[in-house]
$ cat work03.pdb   # PDB, C-alpha atoms, pLDDT in the B column
ATOM      1  CA  ASP A   1     -11.914   8.904  -9.371  1.00 69.00           C
ATOM      2  CA  VAL A   2     -10.390   9.008  -5.926  1.00 66.00           C
ATOM      3  CA  LYS A   3      -7.676  11.549  -5.653  1.00 92.00           C
ATOM      4  CA  VAL A   4      -5.093  11.540  -2.894  1.00 97.00           C
ATOM      5  CA  THR A   5      -2.522  14.287  -2.958  1.00 97.00           C
ATOM      6  CA  GLN A   6       0.617  14.799  -0.934  1.00 97.00           C
ATOM      7  CA  SER A   7       2.212  18.153  -0.278  1.00 92.00           C
ATOM      8  CA  SER A   8       5.648  17.408  -1.717  1.00 93.00           C
ATOM      9  CA  ARG A   9       7.151  14.842  -4.081  1.00 95.00           C
ATOM     10  CA  TYR A  10      10.688  15.426  -2.822  1.00 97.00           C
ATOM     11  CA  LEU A  11      11.849  16.905   0.445  1.00 97.00           C
ATOM     12  CA  VAL A  12      15.315  17.400   1.926  1.00 98.00           C
ATOM     13  CA  LYS A  13      15.626  18.199   5.612  1.00 98.00           C
ATOM     14  CA  ARG A  14      18.396  18.403   8.153  1.00 98.00           C
ATOM     15  CA  THR A  15      18.772  16.196  11.202  1.00 98.00           C
ATOM     16  CA  GLY A  16      16.782  17.565  14.124  1.00 97.00           C
ATOM     17  CA  GLU A  17      14.320  19.563  12.032  1.00 97.00           C
ATOM     18  CA  LYS A  18      10.580  19.198  12.542  1.00 97.00           C
ATOM     19  CA  VAL A  19       9.000  17.887   9.363  1.00 97.00           C
ATOM     20  CA  PHE A  20       5.371  18.024   8.283  1.00 97.00           C
ATOM     21  CA  LEU A  21       4.007  15.796   5.529  1.00 98.00           C
ATOM     22  CA  GLU A  22       0.496  16.603   4.403  1.00 97.00           C
ATOM     23  CA  CYS A  23      -2.032  14.371   2.714  1.00 98.00           C
ATOM     24  CA  VAL A  24      -5.430  15.357   1.322  1.00 98.00           C
ATOM     25  CA  GLN A  25      -8.146  13.135  -0.153  1.00 97.00           C
ATOM     26  CA  ASP A  26     -11.224  14.295  -1.993  1.00 95.00           C
ATOM     27  CA  MET A  27     -13.531  11.283  -1.695  1.00 92.00           C
ATOM     28  CA  ASP A  28     -14.920  11.767   1.802  1.00 94.00           C
ATOM     29  CA  HIS A  29     -13.121   8.647   3.000  1.00 94.00           C
ATOM     30  CA  GLU A  30     -13.296   7.854   6.696  1.00 94.00           C
ATOM     31  CA  ASN A  31      -9.910   6.163   6.909  1.00 95.00           C
ATOM     32  CA  MET A  32      -6.459   7.489   6.166  1.00 97.00           C
ATOM     33  CA  PHE A  33      -3.076   5.850   6.498  1.00 97.00           C
ATOM     34  CA  TRP A  34       0.611   6.729   6.518  1.00 98.00           C
ATOM     35  CA  TYR A  35       3.216   4.211   5.355  1.00 98.00           C
ATOM     36  CA  ARG A  36       6.888   4.272   4.707  1.00 97.00           C
ATOM     37  CA  GLN A  37       8.470   2.110   2.047  1.00 97.00           C
ATOM     38  CA  ASP A  38      12.088   1.055   2.053  1.00 94.00           C
ATOM     39  CA  PRO A  39      13.920  -1.377  -0.258  1.00 90.00           C
ATOM     40  CA  GLY A  40      13.671  -4.902   1.076  1.00 86.00           C
ATOM     41  CA  LEU A  41      11.288  -3.913   3.878  1.00 88.00           C
ATOM     42  CA  GLY A  42       8.113  -3.349   1.919  1.00 90.00           C
ATOM     43  CA  LEU A  43       5.280  -1.120   3.046  1.00 94.00           C
ATOM     44  CA  ARG A  44       5.222  -0.481   6.774  1.00 95.00           C
ATOM     45  CA  LEU A  45       2.266   1.166   8.486  1.00 95.00           C
ATOM     46  CA  ILE A  46       3.181   4.114  10.693  1.00 97.00           C
ATOM     47  CA  TYR A  47      -0.207   5.460  11.831  1.00 97.00           C
ATOM     48  CA  PHE A  48      -3.767   5.405  10.677  1.00 96.00           C
ATOM     49  CA  SER A  49      -6.927   7.324  11.436  1.00 96.00           C
ATOM     50  CA  TYR A  50     -10.530   6.129  11.239  1.00 94.00           C
ATOM     51  CA  ASP A  51     -12.203   9.447  12.037  1.00 93.00           C
ATOM     52  CA  VAL A  52     -11.421  13.085  12.673  1.00 93.00           C
ATOM     53  CA  LYS A  53      -9.149  13.465  15.710  1.00 89.00           C
ATOM     54  CA  MET A  54      -8.912   9.671  16.039  1.00 92.00           C
ATOM     55  CA  LYS A  55      -5.674   7.829  15.438  1.00 95.00           C
ATOM     56  CA  GLU A  56      -4.101   4.449  15.977  1.00 95.00           C
ATOM     57  CA  LYS A  57      -0.513   3.348  15.979  1.00 96.00           C
ATOM     58  CA  GLY A  58       0.635   1.125  13.196  1.00 94.00           C
ATOM     59  CA  ASP A  59       3.659  -1.132  13.189  1.00 93.00           C
ATOM     60  CA  ILE A  60       6.391   1.528  13.415  1.00 96.00           C
ATOM     61  CA  PRO A  61       5.056   4.668  15.170  1.00 97.00           C
ATOM     62  CA  GLU A  62       8.251   5.559  17.017  1.00 97.00           C
ATOM     63  CA  GLY A  63       9.579   8.976  16.050  1.00 96.00           C
ATOM     64  CA  TYR A  64       6.338  10.008  14.352  1.00 98.00           C
ATOM     65  CA  SER A  65       3.071  11.649  15.286  1.00 97.00           C
ATOM     66  CA  VAL A  66      -0.046  12.453  13.288  1.00 98.00           C
ATOM     67  CA  SER A  67      -2.842  14.952  13.189  1.00 97.00           C
ATOM     68  CA  ARG A  68      -6.295  14.754  11.679  1.00 97.00           C
ATOM     69  CA  GLU A  69      -8.248  17.930  12.324  1.00 95.00           C
ATOM     70  CA  LYS A  70     -10.401  17.665   9.187  1.00 96.00           C
ATOM     71  CA  LYS A  71     -11.775  14.596   7.490  1.00 96.00           C
ATOM     72  CA  GLU A  72      -9.958  15.182   4.240  1.00 97.00           C
ATOM     73  CA  ARG A  73      -6.530  15.945   5.692  1.00 97.00           C
ATOM     74  CA  PHE A  74      -4.061  13.719   7.521  1.00 98.00           C
ATOM     75  CA  SER A  75      -0.653  15.006   8.535  1.00 98.00           C
ATOM     76  CA  LEU A  76       2.457  13.081   9.476  1.00 98.00           C
ATOM     77  CA  ILE A  77       4.908  14.837  11.765  1.00 98.00           C
ATOM     78  CA  LEU A  78       8.516  13.975  12.373  1.00 98.00           C
ATOM     79  CA  GLU A  79       9.245  15.756  15.635  1.00 95.00           C
ATOM     80  CA  SER A  80      13.025  15.645  15.210  1.00 97.00           C
ATOM     81  CA  ALA A  81      14.084  14.185  11.903  1.00 98.00           C
ATOM     82  CA  SER A  82      16.856  11.614  11.898  1.00 98.00           C
ATOM     83  CA  THR A  83      18.807  10.060   9.041  1.00 98.00           C
ATOM     84  CA  ASN A  84      17.073   6.701   9.549  1.00 97.00           C
ATOM     85  CA  GLN A  85      13.800   8.395   8.606  1.00 98.00           C
ATOM     86  CA  THR A  86      15.049   8.897   5.067  1.00 98.00           C
ATOM     87  CA  SER A  87      12.434   7.008   3.079  1.00 97.00           C
ATOM     88  CA  MET A  88       9.503   7.115   0.684  1.00 97.00           C
ATOM     89  CA  TYR A  89       6.366   8.133   2.567  1.00 98.00           C
ATOM     90  CA  LEU A  90       3.019   7.081   1.173  1.00 98.00           C
ATOM     91  CA  CYS A  91      -0.406   8.263   2.241  1.00 98.00           C
ATOM     92  CA  ALA A  92      -3.540   6.264   1.467  1.00 97.00           C
ATOM     93  CA  SER A  93      -7.253   6.524   2.115  1.00 96.00           C
ATOM     94  CA  SER A  94     -10.182   4.127   2.136  1.00 94.00           C
ATOM     95  CA  LEU A  95     -13.878   4.286   2.792  1.00 91.00           C
ATOM     96  CA  GLY A  96     -13.879   1.507   5.393  1.00 87.00           C
ATOM     97  CA  GLY A  97     -10.833   0.383   7.323  1.00 82.00           C
ATOM     98  CA  GLY A  98     -10.550  -2.875   5.458  1.00 85.00           C
ATOM     99  CA  ASP A  99     -11.579  -1.597   2.057  1.00 89.00           C
ATOM    100  CA  GLU A 100      -9.329  -0.999  -0.914  1.00 91.00           C
ATOM    101  CA  GLN A 101      -6.869   1.792  -0.288  1.00 94.00           C
ATOM    102  CA  TYR A 102      -5.972   4.523  -2.732  1.00 95.00           C
ATOM    103  CA  PHE A 103      -2.495   5.917  -2.556  1.00 97.00           C
ATOM    104  CA  GLY A 104      -1.068   9.354  -3.060  1.00 97.00           C
ATOM    105  CA  PRO A 105       2.010   9.862  -5.261  1.00 97.00           C
ATOM    106  CA  GLY A 106       4.420   9.627  -2.327  1.00 97.00           C
ATOM    107  CA  THR A 107       6.988  11.946  -0.765  1.00 97.00           C
ATOM    108  CA  ARG A 108      10.622  10.985  -0.995  1.00 97.00           C
ATOM    109  CA  LEU A 109      12.182  12.433   2.144  1.00 98.00           C
ATOM    110  CA  THR A 110      15.915  12.719   2.585  1.00 98.00           C
ATOM    111  CA  VAL A 111      17.291  13.653   5.990  1.00 98.00           C
ATOM    112  CA  THR A 112      20.911  14.789   5.945  1.00 97.00           C
TER
ATOM    113  CA  GLN B   1       6.082 -16.459   9.780  1.00 64.00           C
ATOM    114  CA  LYS B   2       5.102 -13.271   7.998  1.00 70.00           C
ATOM    115  CA  GLU B   3       1.399 -12.538   7.803  1.00 89.00           C
ATOM    116  CA  VAL B   4       1.506 -12.200   4.032  1.00 93.00           C
ATOM    117  CA  GLU B   5       4.216 -13.915   2.021  1.00 94.00           C
ATOM    118  CA  GLN B   6       5.209 -13.321  -1.567  1.00 95.00           C
ATOM    119  CA  ASN B   7       8.210 -14.484  -3.541  1.00 93.00           C
ATOM    120  CA  SER B   8      10.268 -11.347  -4.111  1.00 92.00           C
ATOM    121  CA  GLY B   9      11.340 -12.462  -7.610  1.00 92.00           C
ATOM    122  CA  PRO B  10      12.233 -11.270 -10.083  1.00 96.00           C
ATOM    123  CA  LEU B  11       9.777 -13.346 -12.073  1.00 97.00           C
ATOM    124  CA  SER B  12      11.006 -13.222 -15.633  1.00 97.00           C
ATOM    125  CA  VAL B  13       8.302 -13.795 -18.268  1.00 97.00           C
ATOM    126  CA  PRO B  14       8.526 -13.686 -22.072  1.00 98.00           C
ATOM    127  CA  GLU B  15       6.238 -11.222 -23.779  1.00 98.00           C
ATOM    128  CA  GLY B  16       2.882 -12.823 -24.550  1.00 97.00           C
ATOM    129  CA  ALA B  17       3.191 -15.491 -21.856  1.00 98.00           C
ATOM    130  CA  ILE B  18       1.217 -15.878 -18.641  1.00 98.00           C
ATOM    131  CA  ALA B  19       2.727 -14.504 -15.450  1.00 98.00           C
ATOM    132  CA  SER B  20       1.606 -16.353 -12.328  1.00 98.00           C
ATOM    133  CA  LEU B  21       2.064 -14.681  -8.946  1.00 98.00           C
ATOM    134  CA  ASN B  22       1.279 -16.268  -5.613  1.00 97.00           C
ATOM    135  CA  CYS B  23       0.569 -14.921  -2.166  1.00 97.00           C
ATOM    136  CA  THR B  24       0.059 -16.966   1.005  1.00 96.00           C
ATOM    137  CA  TYR B  25      -1.287 -15.681   4.279  1.00 95.00           C
ATOM    138  CA  SER B  26      -1.488 -16.855   7.863  1.00 92.00           C
ATOM    139  CA  ASP B  27      -4.673 -15.262   9.222  1.00 89.00           C
ATOM    140  CA  ARG B  28      -7.546 -17.675   8.553  1.00 89.00           C
ATOM    141  CA  GLY B  29      -9.975 -14.874   9.368  1.00 88.00           C
ATOM    142  CA  SER B  30      -8.813 -12.785   6.414  1.00 88.00           C
ATOM    143  CA  GLN B  31     -11.786 -11.526   4.495  1.00 87.00           C
ATOM    144  CA  SER B  32     -10.811  -9.457   1.482  1.00 93.00           C
ATOM    145  CA  PHE B  33      -7.832  -9.641  -0.815  1.00 96.00           C
ATOM    146  CA  PHE B  34      -6.302  -7.034  -3.065  1.00 97.00           C
ATOM    147  CA  TRP B  35      -3.659  -6.880  -5.772  1.00 98.00           C
ATOM    148  CA  TYR B  36      -1.704  -3.702  -6.375  1.00 98.00           C
ATOM    149  CA  ARG B  37       0.795  -2.856  -9.079  1.00 98.00           C
ATOM    150  CA  GLN B  38       3.699  -0.537  -8.327  1.00 97.00           C
ATOM    151  CA  TYR B  39       6.006   0.828 -10.972  1.00 97.00           C
ATOM    152  CA  SER B  40       9.495   1.815  -9.888  1.00 94.00           C
ATOM    153  CA  GLY B  41       9.434   5.184  -8.135  1.00 92.00           C
ATOM    154  CA  LYS B  42       5.627   5.348  -8.180  1.00 94.00           C
ATOM    155  CA  SER B  43       2.925   4.602  -5.654  1.00 96.00           C
ATOM    156  CA  PRO B  44       0.850   1.394  -5.615  1.00 97.00           C
ATOM    157  CA  GLU B  45      -2.275   1.330  -7.747  1.00 96.00           C
ATOM    158  CA  LEU B  46      -5.155  -1.071  -7.249  1.00 96.00           C
ATOM    159  CA  ILE B  47      -5.554  -3.733  -9.952  1.00 96.00           C
ATOM    160  CA  MET B  48      -8.354  -5.793  -8.492  1.00 95.00           C
ATOM    161  CA  PHE B  49      -9.854  -7.298  -5.391  1.00 96.00           C
ATOM    162  CA  ILE B  50     -11.467 -10.627  -4.578  1.00 96.00           C
ATOM    163  CA  TYR B  51     -13.640 -11.647  -1.658  1.00 93.00           C
ATOM    164  CA  SER B  52     -14.952 -15.119  -2.495  1.00 93.00           C
ATOM    165  CA  ASN B  53     -13.288 -18.414  -3.277  1.00 95.00           C
ATOM    166  CA  GLY B  54     -12.737 -19.032  -6.952  1.00 96.00           C
ATOM    167  CA  ASP B  55     -11.646 -16.923  -9.890  1.00 96.00           C
ATOM    168  CA  LYS B  56     -12.323 -13.319 -10.777  1.00 97.00           C
ATOM    169  CA  GLU B  57     -11.359 -11.957 -14.159  1.00 97.00           C
ATOM    170  CA  ASP B  58     -10.753  -8.365 -15.182  1.00 96.00           C
ATOM    171  CA  GLY B  59      -9.307  -7.929 -18.643  1.00 97.00           C
ATOM    172  CA  ARG B  60      -5.938  -9.672 -18.810  1.00 97.00           C
ATOM    173  CA  PHE B  61      -5.880 -10.166 -15.043  1.00 98.00           C
ATOM    174  CA  THR B  62      -7.363 -13.074 -13.102  1.00 98.00           C
ATOM    175  CA  ALA B  63      -7.337 -13.316  -9.331  1.00 98.00           C
ATOM    176  CA  GLN B  64      -7.767 -16.722  -7.729  1.00 98.00           C
ATOM    177  CA  LEU B  65      -8.647 -17.222  -4.091  1.00 97.00           C
ATOM    178  CA  ASN B  66      -8.484 -20.424  -2.061  1.00 96.00           C
ATOM    179  CA  LYS B  67      -9.299 -19.704   1.568  1.00 94.00           C
ATOM    180  CA  ALA B  68      -8.938 -23.325   2.662  1.00 94.00           C
ATOM    181  CA  SER B  69      -5.339 -23.376   1.452  1.00 94.00           C
ATOM    182  CA  GLN B  70      -4.800 -19.735   2.415  1.00 95.00           C
ATOM    183  CA  TYR B  71      -3.488 -18.443  -0.852  1.00 95.00           C
ATOM    184  CA  VAL B  72      -4.432 -15.915  -3.460  1.00 97.00           C
ATOM    185  CA  SER B  73      -2.950 -15.758  -6.931  1.00 98.00           C
ATOM    186  CA  LEU B  74      -2.774 -13.282  -9.762  1.00 98.00           C
ATOM    187  CA  LEU B  75      -2.480 -14.364 -13.375  1.00 98.00           C
ATOM    188  CA  ILE B  76      -1.465 -11.883 -16.043  1.00 98.00           C
ATOM    189  CA  ARG B  77      -2.303 -13.169 -19.512  1.00 98.00           C
ATOM    190  CA  ASP B  78      -0.564 -11.990 -22.671  1.00 98.00           C
ATOM    191  CA  SER B  79       2.106 -10.267 -20.594  1.00 98.00           C
ATOM    192  CA  GLN B  80       3.422  -7.004 -22.006  1.00 97.00           C
ATOM    193  CA  PRO B  81       6.642  -5.116 -21.217  1.00 97.00           C
ATOM    194  CA  SER B  82       4.420  -2.478 -19.600  1.00 97.00           C
ATOM    195  CA  ASP B  83       3.428  -5.103 -17.018  1.00 98.00           C
ATOM    196  CA  SER B  84       6.974  -5.016 -15.647  1.00 98.00           C
ATOM    197  CA  ALA B  85       6.456  -3.802 -12.090  1.00 98.00           C
ATOM    198  CA  THR B  86       6.236  -4.988  -8.502  1.00 97.00           C
ATOM    199  CA  TYR B  87       2.934  -6.595  -7.565  1.00 98.00           C
ATOM    200  CA  LEU B  88       1.749  -6.309  -3.986  1.00 97.00           C
ATOM    201  CA  CYS B  89      -0.730  -8.617  -2.351  1.00 97.00           C
ATOM    202  CA  ALA B  90      -2.798  -7.157   0.493  1.00 95.00           C
ATOM    203  CA  LEU B  91      -5.516  -8.506   2.714  1.00 94.00           C
ATOM    204  CA  ARG B  92      -8.050  -7.371   5.230  1.00 91.00           C
ATOM    205  CA  GLY B  93      -7.549  -9.372   8.384  1.00 83.00           C
ATOM    206  CA  ALA B  94     -10.089 -10.457  10.952  1.00 78.00           C
ATOM    207  CA  ALA B  95      -9.779  -7.145  12.819  1.00 77.00           C
ATOM    208  CA  GLY B  96     -11.004  -5.417   9.677  1.00 78.00           C
ATOM    209  CA  ASN B  97      -9.582  -1.968  10.307  1.00 84.00           C
ATOM    210  CA  LYS B  98      -6.584  -1.965   7.967  1.00 89.00           C
ATOM    211  CA  LEU B  99      -4.824  -3.872   5.231  1.00 92.00           C
ATOM    212  CA  THR B 100      -1.692  -5.988   5.599  1.00 92.00           C
ATOM    213  CA  PHE B 101       0.666  -5.949   2.630  1.00 94.00           C
ATOM    214  CA  GLY B 102       3.082  -8.542   1.376  1.00 95.00           C
ATOM    215  CA  GLY B 103       6.586  -7.598   0.335  1.00 94.00           C
ATOM    216  CA  GLY B 104       5.764  -7.762  -3.346  1.00 96.00           C
ATOM    217  CA  THR B 105       6.870  -9.786  -6.362  1.00 97.00           C
ATOM    218  CA  ARG B 106       8.932  -8.070  -9.022  1.00 97.00           C
ATOM    219  CA  VAL B 107       7.891  -9.055 -12.538  1.00 98.00           C
ATOM    220  CA  LEU B 108      10.049  -8.527 -15.623  1.00 98.00           C
ATOM    221  CA  VAL B 109       8.434  -9.039 -19.013  1.00 98.00           C
ATOM    222  CA  LYS B 110      11.053  -9.465 -21.704  1.00 96.00           C
ATOM    223  CA  PRO B 111      10.278  -8.589 -25.339  1.00 92.00           C
TER
END

$ encode --input "work03.pdb" --output "structure tokens"
Amino acid sequence: DVKVTQSSRYLVKRTGEKVFLECVQDMDHENMFWYRQDPGLGLRLIYFSYDVKMKEKGDIPEGYSVSREKKERFSLILESASTNQTSMYLCASSLGGGDEQYFGPGTRLTVT
Amino acid sequence: QKEVEQNSGPLSVPEGAIASLNCTYSDRGSQSFFWYRQYSGKSPELIMFIYSNGDKEDGRFTAQLNKASQYVSLLIRDSQPSDSATYLCALRGAAGNKLTFGGGTRVLVKP
């Protein structure tokens, strides 16, 4: 079974802090994705990566950056957290870019 | 027009009945279609996928794809209270490098 893990289930940070969200997959998938999910807005793609050190912007990249130094690990960085970044963050991976995605358990981030 | 449209619901279904969920899409080049189930507070989990026109059955679930009419459906037979969740439709567009998700349909199965 594909396993995608995320570093934290719940996280509380203060405005202006730098925040790192980590995601690890164990199935040698080429593609990894970061989404945020908010009530009424659905899943929104922030960034994705199709190879080590490669990244592409999704629909809402502003305020975020990503890092993929190893195939199995994809990090989401909030350079200076703001209250409007309070959300559920979901990481996913897939073998091919358009293949079925497998999601991690999610990180509920609260920025105060 | 959104790329992937779903009725947000809630779709209320009596236990044992068939739940019918629909998803329409705008990209005629869409190639692959996926249904995910998401329980409240949890992450989406894949139920099934369908690539070709017609029906595909997996246990109590049936996916139906009609590319000419640009819709994909999910039928849940013998609905159980444990099927109460939000169901997300997703598709691989012509670009092929990511999935596009619909907003989801909330299903409530009442005993």

$ residues_around --input "work03.pdb" --residues "Leu76 of chain A" --least-positions-apart "2" --cutoff "8 Å" --atoms "all atoms listed in the file" --output "JSON, numbers by chain"
{"A": [20, 21, 22, 34, 64, 65, 66, 67, 74, 78]}

$ closest_atom_pairs --input "work03.pdb" --of "chain A" --to "chain B" --cutoff "8 Å" --atoms "only C-alpha atoms" --output "tab-separated table"
residue	atom	partner	partner_atom	distance
A:Gly40	CA	B:Gly103	CA	7.6
A:Leu41	CA	B:Gly103	CA	6.9
A:Gly42	CA	B:Gly103	CA	4.8
A:Leu43	CA	B:Phe101	CA	6.7
A:Leu90	CA	B:Ser43	CA	7.3
A:Gly96	CA	B:Asn97	CA	7.4
A:Gly97	CA	B:Asn97	CA	4.0
A:Gly98	CA	B:Lys98	CA	4.8
A:Asp99	CA	B:Arg92	CA	7.5
A:Glu100	CA	B:Phe34	CA	7.1
A:Gln101	CA	B:Leu46	CA	7.7
A:Tyr102	CA	B:Glu45	CA	7.0
A:Phe103	CA	B:Ser43	CA	6.4
A:Gly104	CA	B:Ser43	CA	6.7
A:Pro105	CA	B:Ser43	CA	5.4
A:Gly106	CA	B:Ser43	CA	6.2

$ resolve_selection --input "work03.pdb" --expression "the PyMOL selection byres ((chain A and resi 5) around 6)" --output "list in words"
Val4, Gln6, Cys23, Val24 and Gly104 of chain A

$ resolve_selection --input "work03.pdb" --expression "the PyMOL selection byres ((chain B and resi 12) around 7)" --output "short mmCIF file (atom, residue, chain, number, x, y, z; two decimals) with C-alpha atoms, in the coordinates of the input"
data_model
loop_
_atom_site.label_atom_id
_atom_site.label_comp_id
_atom_site.auth_asym_id
_atom_site.auth_seq_id
_atom_site.Cartn_x
_atom_site.Cartn_y
_atom_site.Cartn_z
CA PRO B 10 12.23 -11.27 -10.08
CA LEU B 11 9.78 -13.35 -12.07
CA VAL B 13 8.30 -13.80 -18.27
CA PRO B 14 8.53 -13.69 -22.07
CA VAL B 107 7.89 -9.06 -12.54
CA LEU B 108 10.05 -8.53 -15.62
CA VAL B 109 8.43 -9.04 -19.01
#

$ closest_residue --input "work03.pdb" --among "A:Thr86, A:Ala92, A:Glu72, A:Arg44" --to "Asp26 of chain A" --atoms "all atoms listed in the file"
A:Glu72

$ residues_around --input "work03.pdb" --residues "Leu65 of chain B" --least-positions-apart "6" --cutoff "12 Å" --atoms "all atoms listed in the file" --output "list in words"
Asn22, Cys23, Thr24, Tyr25, Ser30, Gln31, Ser32, Phe33, Phe34, Trp35, Phe49, Ile50, Tyr51, Ser52, Asn53, Gly54, Asp55, Lys56, Glu57, Tyr71, Val72, Ser73, Leu74, Leu75, Cys89 and Leu91 of chain B

$ resolve_selection --input "work03.pdb" --expression "the PyMOL selection byres ((chain A and resi 28) around 12)" --output "short mmCIF file (atom, residue, chain, number, x, y, z; two decimals) with C-alpha atoms, in the frame of the given file"
data_model
loop_
_atom_site.label_atom_id
_atom_site.label_comp_id
_atom_site.auth_asym_id
_atom_site.auth_seq_id
_atom_site.Cartn_x
_atom_site.Cartn_y
_atom_site.Cartn_z
CA ASP A 1 -11.91 8.90 -9.37
CA VAL A 2 -10.39 9.01 -5.93
CA LYS A 3 -7.68 11.55 -5.65
CA VAL A 4 -5.09 11.54 -2.89
CA VAL A 24 -5.43 15.36 1.32
CA GLN A 25 -8.15 13.14 -0.15
CA ASP A 26 -11.22 14.30 -1.99
CA MET A 27 -13.53 11.28 -1.70
CA HIS A 29 -13.12 8.65 3.00
CA GLU A 30 -13.30 7.85 6.70
CA ASN A 31 -9.91 6.16 6.91
CA MET A 32 -6.46 7.49 6.17
CA TYR A 50 -10.53 6.13 11.24
CA ASP A 51 -12.20 9.45 12.04
CA VAL A 52 -11.42 13.08 12.67
CA LYS A 70 -10.40 17.66 9.19
CA LYS A 71 -11.78 14.60 7.49
CA GLU A 72 -9.96 15.18 4.24
CA ARG A 73 -6.53 15.94 5.69
CA SER A 93 -7.25 6.52 2.12
CA SER A 94 -10.18 4.13 2.14
CA LEU A 95 -13.88 4.29 2.79
CA GLY A 96 -13.88 1.51 5.39
#

$ axis_aligned_box --input "work03.pdb" --around "segment 14-32 of chain A" --padding-each-side "5 Å" --output "lines of an AutoDock Vina configuration file"
center_x = 1.9
center_y = 12.9
center_z = 6.1
size_x = 43.7
size_y = 23.4
size_z = 26.1

$ closest_residue --input "work03.pdb" --among "B:Asp58, B:Asp78, B:Glu5, B:Asp83" --to "Ile18 of chain B" --atoms "all atoms listed in the file"
B:Asp78

$ build_atoms --input "work03.pdb" --residues "segment 61-74 of chain A" --atoms "N, CA, C and O atoms" --output "PDB file, keeping the file's coordinate frame"
ATOM      1  N   PRO A  61       5.411   3.280  14.857  1.00 97.00           N
ATOM      2  CA  PRO A  61       5.056   4.668  15.170  1.00 97.00           C
ATOM      3  C   PRO A  61       6.172   5.494  15.818  1.00 97.00           C
ATOM      4  O   PRO A  61       6.066   6.722  15.883  1.00 97.00           O
ATOM      5  N   GLU A  62       7.222   4.848  16.251  1.00 97.00           N
ATOM      6  CA  GLU A  62       8.251   5.559  17.017  1.00 97.00           C
ATOM      7  C   GLU A  62       8.892   6.650  16.165  1.00 97.00           C
ATOM      8  O   GLU A  62       9.320   6.416  15.043  1.00 97.00           O
ATOM      9  N   GLY A  63       8.970   7.850  16.745  1.00 96.00           N
ATOM     10  CA  GLY A  63       9.579   8.976  16.050  1.00 96.00           C
ATOM     11  C   GLY A  63       8.618   9.782  15.199  1.00 96.00           C
ATOM     12  O   GLY A  63       9.010  10.769  14.579  1.00 96.00           O
ATOM     13  N   TYR A  64       7.356   9.347  15.176  1.00 98.00           N
ATOM     14  CA  TYR A  64       6.338  10.008  14.352  1.00 98.00           C
ATOM     15  C   TYR A  64       5.117  10.368  15.194  1.00 98.00           C
ATOM     16  O   TYR A  64       4.851   9.740  16.214  1.00 98.00           O
ATOM     17  N   SER A  65       4.388  11.374  14.753  1.00 97.00           N
ATOM     18  CA  SER A  65       3.071  11.649  15.286  1.00 97.00           C
ATOM     19  C   SER A  65       2.185  12.053  14.111  1.00 97.00           C
ATOM     20  O   SER A  65       2.677  12.273  12.999  1.00 97.00           O
ATOM     21  N   VAL A  66       0.891  12.113  14.354  1.00 98.00           N
ATOM     22  CA  VAL A  66      -0.046  12.453  13.288  1.00 98.00           C
ATOM     23  C   VAL A  66      -1.094  13.415  13.801  1.00 98.00           C
ATOM     24  O   VAL A  66      -1.285  13.574  15.011  1.00 98.00           O
ATOM     25  N   SER A  67      -1.764  14.039  12.855  1.00 97.00           N
ATOM     26  CA  SER A  67      -2.842  14.952  13.189  1.00 97.00           C
ATOM     27  C   SER A  67      -3.928  14.831  12.144  1.00 97.00           C
ATOM     28  O   SER A  67      -3.642  14.813  10.948  1.00 97.00           O
ATOM     29  N   ARG A  68      -5.167  14.761  12.606  1.00 97.00           N
ATOM     30  CA  ARG A  68      -6.295  14.754  11.679  1.00 97.00           C
ATOM     31  C   ARG A  68      -7.385  15.662  12.255  1.00 97.00           C
ATOM     32  O   ARG A  68      -8.241  15.242  13.000  1.00 97.00           O
ATOM     33  N   GLU A  69      -7.308  16.912  11.854  1.00 95.00           N
ATOM     34  CA  GLU A  69      -8.248  17.930  12.324  1.00 95.00           C
ATOM     35  C   GLU A  69      -9.468  18.034  11.409  1.00 95.00           C
ATOM     36  O   GLU A  69     -10.546  18.446  11.857  1.00 95.00           O
ATOM     37  N   LYS A  70      -9.303  17.669  10.150  1.00 96.00           N
ATOM     38  CA  LYS A  70     -10.401  17.665   9.187  1.00 96.00           C
ATOM     39  C   LYS A  70     -10.433  16.311   8.496  1.00 96.00           C
ATOM     40  O   LYS A  70      -9.402  15.654   8.359  1.00 96.00           O
ATOM     41  N   LYS A  71     -11.601  15.929   8.057  1.00 96.00           N
ATOM     42  CA  LYS A  71     -11.775  14.596   7.490  1.00 96.00           C
ATOM     43  C   LYS A  71     -10.869  14.361   6.295  1.00 96.00           C
ATOM     44  O   LYS A  71     -10.346  13.268   6.102  1.00 96.00           O
ATOM     45  N   GLU A  72     -10.679  15.372   5.483  1.00 97.00           N
ATOM     46  CA  GLU A  72      -9.958  15.182   4.240  1.00 97.00           C
ATOM     47  C   GLU A  72      -8.438  15.272   4.383  1.00 97.00           C
ATOM     48  O   GLU A  72      -7.723  14.993   3.438  1.00 97.00           O
ATOM     49  N   ARG A  73      -7.956  15.654   5.550  1.00 97.00           N
ATOM     50  CA  ARG A  73      -6.530  15.945   5.692  1.00 97.00           C
ATOM     51  C   ARG A  73      -5.909  15.140   6.820  1.00 97.00           C
ATOM     52  O   ARG A  73      -6.443  15.089   7.936  1.00 97.00           O
ATOM     53  N   PHE A  74      -4.761  14.542   6.525  1.00 98.00           N
ATOM     54  CA  PHE A  74      -4.061  13.719   7.521  1.00 98.00           C
ATOM     55  C   PHE A  74      -2.580  14.066   7.430  1.00 98.00           C
ATOM     56  O   PHE A  74      -1.979  13.944   6.360  1.00 98.00           O
TER      57      PHE A  74
END
